[in-house]
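A.B. asks: Questions regarding the structure given below will be posed in turn.
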Number of protein chains: 2
Amino acid sequence: MDRRRPPVTLEHVARVAGVSRATASRVLTGSGPSSAEARGRVQAVAERLGYVADPVARALVHGRGTRLVVAATAAAPDALECAYLSRVVATTAAVCADQGLGVALQWLPLGGPQAALDGLARDRSVAGVVLVDTTRLVLDSVPRELHGRVVSIGAGSRDVPLVDVDTEAAATAIVGHLVATGRRRIALIAGPTWLPCSERPVAAYRAAVAAAGLPARVVAGGFDTASGRAGAREALRRWPDTDAVYGICDEVALGALQVLRAAGRQVPGDVAVAGFDDIPAAESSGLTTATHPVERIADAAARSALGRVADGPTLFASDLVVRESA
Amino acid sequence: MDRRRPPVTLEHVARVAGVSRATASRVLTGSGPSSAEARGRVQAVAERLGYVADPVARALVHGRGTRLVVAATAAAPDALECAYLSRVVATTAAVCADQGLGVALQWLPLGGPQAALDGLARDRSVAGVVLVDTTRLVLDSVPRELHGRVVSIGAGSRDVPLVDVDTEAAATAIVGHLVATGRRRIALIAGPTWLPCSERPVAAYRAAVAAAGLPARVVAGGFDTASGRAGAREALRRWPDTDAVYGICDEVALGALQVLRAAGRQVPGDVAVAGFDDIPAAESSGLTTATHPVERIADAAARSALGRVADGPTLFASDLVVRESA
DNA sequence: GTGAAAGCGCTAACAG
DNA sequence: CTGTTAGCGCTTTCAC
């Protein structure tokens with residue numbers, strides 16, 4: 001009844017090639033010595049039989065695990081259904097495909113990630129972990145057993161390498177552009193306060209406006225359109241003379257755009273608007289923004305979680321994209 | 001040097017509980033008989049030691065595989081970076097997370113999917129396959145060995161069960177709405193011709209307009225905004241009196257919307273516009289559409305690819321969402 | 001250079 | 001009800 005699995009095993013290859021399993025293994029993995037003759041025969045037979053080594057058996061023997069886990073911190077599990085995270089998962093899945101591995105998506109409760117992280121450390125099928133939307137609590141809760149095969153997109157620590165886009169440079173470039181085009185009262189709608197990764201651009205914004213001799217105007221926000229609308233309203237209320245609104249991400253900027261227009265402000269005439277991420281909607285809305293190479297980041301993160309983890313943080317460049325809004 | 005993996009194995013649990021590995025296994029898997037006492041002791045020890053069975057070893061012995069492969073047909077591998085596919089992968093990854101499995105994303109070349117499919121059939125780490133953007137060629141190329149653990153989102157066959165949204169009902173509902181609101185010259189911008197799944201809504205559209213005694217007006221299209229723009233231009237050229245444009249998906253409808261407005265047509269005054277999918281941009285653009293429960297579909301597809309596959313096609317309902325555009 | 005044998009961690013026959 | 005015995009498919013000492 002279980003004729004599902006093709007019977008082409010190393011044993012077969014070895015037998016047909018007239019060598020031992022050990023020799024066949026050496027040839028096929030390229031580890032250890034082997035005579036030219038044996039090599040030729042084994043490879044030919046393997047080719048002809050369409051032999052593919054079972055990644056499962058290999059993983060067992062190496063104790064390497066068979067999956068990469070993308071562990072995302074969120075208040076509730078349904079928050080995992082977001083476009084950003086989906087792109088990260090899809091990219092890591094593509095990386096895994098070549099290596100006989102798979103990726104799983106794991107929710108890390110915002111309030112108490114410890115249990116989930118311990119579970120991952122204990123689970124022998126876990127080859128590596130990519131942390132997303134990482135909080136400081138998560139960083140502090142990463143079990144020692146995970147060291148060396150865990151990376152984080154968003155925020156790193158001494159033990160957990162960081163892979164991300166250079167949000168600092170992006171923020172500096174955006175504020176620089178706003179200043180260069182004559183804006184002087186630039187408000188920033190910030191990200192969720194529980195996310196360390198939203199601190200870097202805020203700090204960069206502060207530094208940039210300070211360097212230009214301008215006041216810092218920061219309102220709390222989030223990563224969604226609703227936050228952008230609320231943030232814009234608050235900014236307008238507190239500083240009616242605002243001449244530029246910089247959203248921590250495009251969703252926020254787009255929300256702000258709606259509110260500003262509804263309030264009768266001309267964009268970019270009265271007020272400039274800029275975001276960050278360069279999502280598809282940014283293009284159709286003519287939003288000035290900066291790129292966020294999510295696929296490249298996720299690819300790098302996956303590779304380093306699986307192989308040797310790079311030492312320092314790996315930051316990808318972000319390019320300014322000037323459109324109509326600023 | 002490899003102290004990475006915690007040494008908590010079934011052997012340990014058994015030893016500490018004072019039973020054999022077999023007994024411990026029976027208790028923990030709930031298969032086979034076991035005395036209340038043994039059960040109690042083993043469970044207590046397992047709990048205390050934080051034992052988690054190694055999914056890899058289990059997969060080896062069961063020959064079950066450790067990953068679910070999402071295999072998407074496309075002309076080129078970079079076409080896999082799309083929002084729809086990402087949602088499918090992320091959802092399946094969440095399903096897999098519970099079962100100690102992972103998901104991988106595999107490209108199926110549009111022209112010749114055979115080799116890739118054979119590879120999947122041969123790869124013993126493959127627990128199941130979810131086909132996406134399935135063509136007829138793919139359907140015909142599915143190796144027999146995959147039967148029973150392969151499902152398709154988009155188009156099925158005798159051997160490959162289908163899981164999808166009920167695009168037929170959606171198309172009927174949309175055309176019904178357009179007719180009910182007085183439209184009489186309804187053009188449809190269709191999807192890619194190489195995708196069988198874009199045939200159902202087209203057929204439903206034809207049936208619906210025919211039933212209302214109206215002419216069928218179909219132009220070729222695709223799934224992106226550019227196709228929508230091109231399609232709208234063509235429709236306008238061929239039938240200048242068009243009073244409704246129905247895009248095969250929201251992206252297309254949004255592209256059509258741009259062109260219609262640029263051509264000076266009032267929406268919905270002169271011409272109504274409707275799409276399908278209910279993507280985020282549809283809401284902010286006030287586009288009338290119908291829902292596409294991608295996550296629910298992907299969840300069902302993943303489960304049936306892993307467990308016993310359901311017999312008939314599983315179609316999820318789509319709800320009409322009436323907004324300003326129609 | 002090669003084969004025999006041991007074993008990765010687990011489950012499943014088979015006796016007891 | 002339980003322990004013993006075999007493997008699942010592969011890699012890897014260790015003699016030859």
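Letters for chains follow the order of the structure tokens (A, B, ...), residue numbers begin at 1 for each chain, and ligand numbers begin at 1 in the order shown.
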Chain B near chain D within 12 Å: what's each residue's closest atom pair and its distance in Å to one decimal, counting only C-alpha atoms (C1' of nucleotides), ordered by chain then ascending residue number, as JSON lines?

C.D. replies:
{"residue": "B:Ala14", "atom": "CA", "partner": "D:DG3", "partner_atom": "C1'", "distance": 11.8}
{"residue": "B:Gly18", "atom": "CA", "partner": "D:DG3", "partner_atom": "C1'", "distance": 11.6}
{"residue": "B:Val19", "atom": "CA", "partner": "D:DG3", "partner_atom": "C1'", "distance": 8.5}
{"residue": "B:Ser20", "atom": "CA", "partner": "D:DG3", "partner_atom": "C1'", "distance": 6.3}
{"residue": "B:Arg21", "atom": "CA", "partner": "D:DG3", "partner_atom": "C1'", "distance": 8.7}
{"residue": "B:Ala22", "atom": "CA", "partner": "D:DG3", "partner_atom": "C1'", "distance": 7.6}
{"residue": "B:Thr23", "atom": "CA", "partner": "D:DT2", "partner_atom": "C1'", "distance": 6.9}
{"residue": "B:Ala24", "atom": "CA", "partner": "D:DT2", "partner_atom": "C1'", "distance": 10.5}
{"residue": "B:Ser25", "atom": "CA", "partner": "D:DT2", "partner_atom": "C1'", "distance": 12.0}
{"residue": "B:Arg26", "atom": "CA", "partner": "D:DT2", "partner_atom": "C1'", "distance": 10.6}
{"residue": "B:Val27", "atom": "CA", "partner": "D:DC1", "partner_atom": "C1'", "distance": 11.8}
{"residue": "B:Gly32", "atom": "CA", "partner": "D:DC1", "partner_atom": "C1'", "distance": 9.5}
{"residue": "B:Pro33", "atom": "CA", "partner": "D:DC1", "partner_atom": "C1'", "distance": 6.5}
{"residue": "B:Ser34", "atom": "CA", "partner": "D:DC1", "partner_atom": "C1'", "distance": 5.9}
{"residue": "B:Ser35", "atom": "CA", "partner": "D:DC1", "partner_atom": "C1'", "distance": 6.4}
{"residue": "B:Ala36", "atom": "CA", "partner": "D:DC1", "partner_atom": "C1'", "distance": 10.1}
{"residue": "B:Glu37", "atom": "CA", "partner": "D:DC1", "partner_atom": "C1'", "distance": 10.9}
{"residue": "B:Ala38", "atom": "CA", "partner": "D:DC1", "partner_atom": "C1'", "distance": 9.8}
{"residue": "B:Arg39", "atom": "CA", "partner": "D:DC1", "partner_atom": "C1'", "distance": 11.4}
{"residue": "B:Val56", "atom": "CA", "partner": "D:DC8", "partner_atom": "C1'", "distance": 11.1}
{"residue": "B:Ala57", "atom": "CA", "partner": "D:DC8", "partner_atom": "C1'", "distance": 8.6}
{"residue": "B:Arg58", "atom": "CA", "partner": "D:DC8", "partner_atom": "C1'", "distance": 9.2}
{"residue": "B:Ala59", "atom": "CA", "partner": "D:DC8", "partner_atom": "C1'", "distance": 8.8}
{"residue": "B:Leu60", "atom": "CA", "partner": "D:DC8", "partner_atom": "C1'", "distance": 5.4}
{"residue": "B:Val61", "atom": "CA", "partner": "D:DC8", "partner_atom": "C1'", "distance": 4.4}
{"residue": "B:His62", "atom": "CA", "partner": "D:DC8", "partner_atom": "C1'", "distance": 7.3}
{"residue": "B:Gly63", "atom": "CA", "partner": "D:DC8", "partner_atom": "C1'", "distance": 7.2}
{"residue": "B:Arg64", "atom": "CA", "partner": "D:DC8", "partner_atom": "C1'", "distance": 10.6}
{"residue": "B:Gly65", "atom": "CA", "partner": "D:DC8", "partner_atom": "C1'", "distance": 11.8}
{"residue": "B:Arg124", "atom": "CA", "partner": "D:DG9", "partner_atom": "C1'", "distance": 10.3}
{"residue": "B:Ser125", "atom": "CA", "partner": "D:DG9", "partner_atom": "C1'", "distance": 11.8}

A.B. asks: Can you list, as a PyMOL selection string, every protein, DNA or RNA residue that comes within 7 Å of segment 167-170 of chain B when you count only C-alpha atoms (C1' of nucleotides), leaving out same-chain residues fewer than 3 positions away?

C.D. replies: chain B and resi 173-174+200-201+204+290+318

A.B. asks: Just the selected residues (C-alpha atoms), exported as a PDB file, in the first residue's frame, please.

C.D. replies:
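Final output, saved to again.pdb:
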ATOM      1  CA  ALA B 173     -22.698  37.910  -8.388  1.00  0.00           C
ATOM      2  CA  ILE B 174     -20.676  40.755  -9.823  1.00  0.00           C
ATOM      3  CA  ARG B 200     -14.225  29.777 -14.920  1.00  0.00           C
ATOM      4  CA  PRO B 201     -15.073  33.411 -14.210  1.00  0.00           C
ATOM      5  CA  ALA B 204     -19.652  32.586 -15.719  1.00  0.00           C
ATOM      6  CA  ALA B 290     -15.781  40.337  -4.254  1.00  0.00           C
ATOM      7  CA  SER B 318     -16.834  34.809  -2.203  1.00  0.00           C
TER       8      SER B 318
END

A.B. asks: Please return as a ChimeraX atom specification: the residues of segment 133-277 of chain B that backbone DSSP assigns to helix (DSSP H, G or I).

C.D. replies: /B:136-141,144-146,167-180,196-211,225-238,250-262

A.B. asks: What residues in chain C have any atom no more than 7 Å from chain A when counting only C-alpha atoms (C1' of nucleotides), and can you write them as a PDB file with N, CA and C atoms (P, O5', C5', C4', C3', O3' and C1' of nucleotides), in the first residue's frame?

C.D. replies:
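Saved file result04.pdb follows:
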ATOM      1  P    DG C   1      43.424   7.048  -3.117  1.00  0.00           P
ATOM      2  O5'  DG C   1      42.408   5.812  -3.089  1.00  0.00           O
ATOM      3  C5'  DG C   1      42.061   5.199  -4.305  1.00  0.00           C
ATOM      4  C4'  DG C   1      41.472   3.853  -3.986  1.00  0.00           C
ATOM      5  C3'  DG C   1      39.960   3.899  -3.765  1.00  0.00           C
ATOM      6  O3'  DG C   1      39.381   2.824  -4.492  1.00  0.00           O
ATOM      7  C1'  DG C   1      41.040   2.956  -1.859  1.00  0.00           C
ATOM      8  P    DT C   2      37.848   2.678  -4.637  1.00  0.00           P
ATOM      9  O5'  DT C   2      37.448   1.722  -3.447  1.00  0.00           O
ATOM     10  C5'  DT C   2      37.834   0.347  -3.498  1.00  0.00           C
ATOM     11  C4'  DT C   2      37.502  -0.306  -2.178  1.00  0.00           C
ATOM     12  C3'  DT C   2      36.021  -0.253  -1.812  1.00  0.00           C
ATOM     13  O3'  DT C   2      35.466  -1.534  -2.105  1.00  0.00           O
ATOM     14  C1'  DT C   2      37.471   0.062   0.071  1.00  0.00           C
ATOM     15  P    DG C   3      33.912  -1.774  -2.079  1.00  0.00           P
ATOM     16  O5'  DG C   3      33.759  -2.445  -0.649  1.00  0.00           O
ATOM     17  C5'  DG C   3      34.337  -3.715  -0.443  1.00  0.00           C
ATOM     18  C4'  DG C   3      34.264  -4.072   1.030  1.00  0.00           C
ATOM     19  C3'  DG C   3      32.835  -4.190   1.565  1.00  0.00           C
ATOM     20  O3'  DG C   3      32.756  -5.379   2.347  1.00  0.00           O
ATOM     21  C1'  DG C   3      34.086  -2.666   2.895  1.00  0.00           C
ATOM     22  P    DC C   8      23.602   6.623  18.562  1.00  0.00           P
ATOM     23  O5'  DC C   8      22.945   7.898  17.891  1.00  0.00           O
ATOM     24  C5'  DC C   8      23.714   8.935  17.283  1.00  0.00           C
ATOM     25  C4'  DC C   8      22.824   9.655  16.284  1.00  0.00           C
ATOM     26  C3'  DC C   8      21.364   9.701  16.722  1.00  0.00           C
ATOM     27  O3'  DC C   8      21.107  10.971  17.326  1.00  0.00           O
ATOM     28  C1'  DC C   8      21.592   9.008  14.400  1.00  0.00           C
TER      29       DC C   8
END

A.B. asks: When you count only C-alpha atoms, which of these residues is closest to chain A: B:Val259, B:Val70, B:Leu105, B:Val13?

C.D. replies: B:Leu105

A.B. asks: Near chain A, which residues of chain B fall within 8 Å when you count only C-alpha atoms, and what do they look like as an MDAnalysis selection string?

C.D. replies: chainID B and resid 3:6 50:57 59:60 63 65:68 81 83 85:87 89:91 93:94 96:97 100:106 121:125 145:146 281

A.B. asks: Fewer than 6 positions away in the same chain doesn't count, so skip those; otherwise give me all residues within 9 Å of Pro293 of chain A, counting only C-alpha atoms (C1' of nucleotides), as a list of chain:residue names.

C.D. replies: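 Result of the neighbour search: A:Asp164, A:Val165, A:Asp277, A:Phe316, A:Ala317, A:Ser318.
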
A.B. asks: For the selection you just gave me, I'd like the residues written to a file as a CSV table (one decimal), in the first residue's frame, keeping C-alpha atoms.

C.D. replies:
chain,number,residue,atom,x,y,z
A,164,ASP,CA,18.1,44.6,8.0
A,165,VAL,CA,17.8,47.6,5.7
A,277,ASP,CA,9.3,50.9,2.0
A,316,PHE,CA,21.3,46.8,3.1
A,317,ALA,CA,21.2,50.1,1.4
A,318,SER,CA,18.0,52.0,0.8
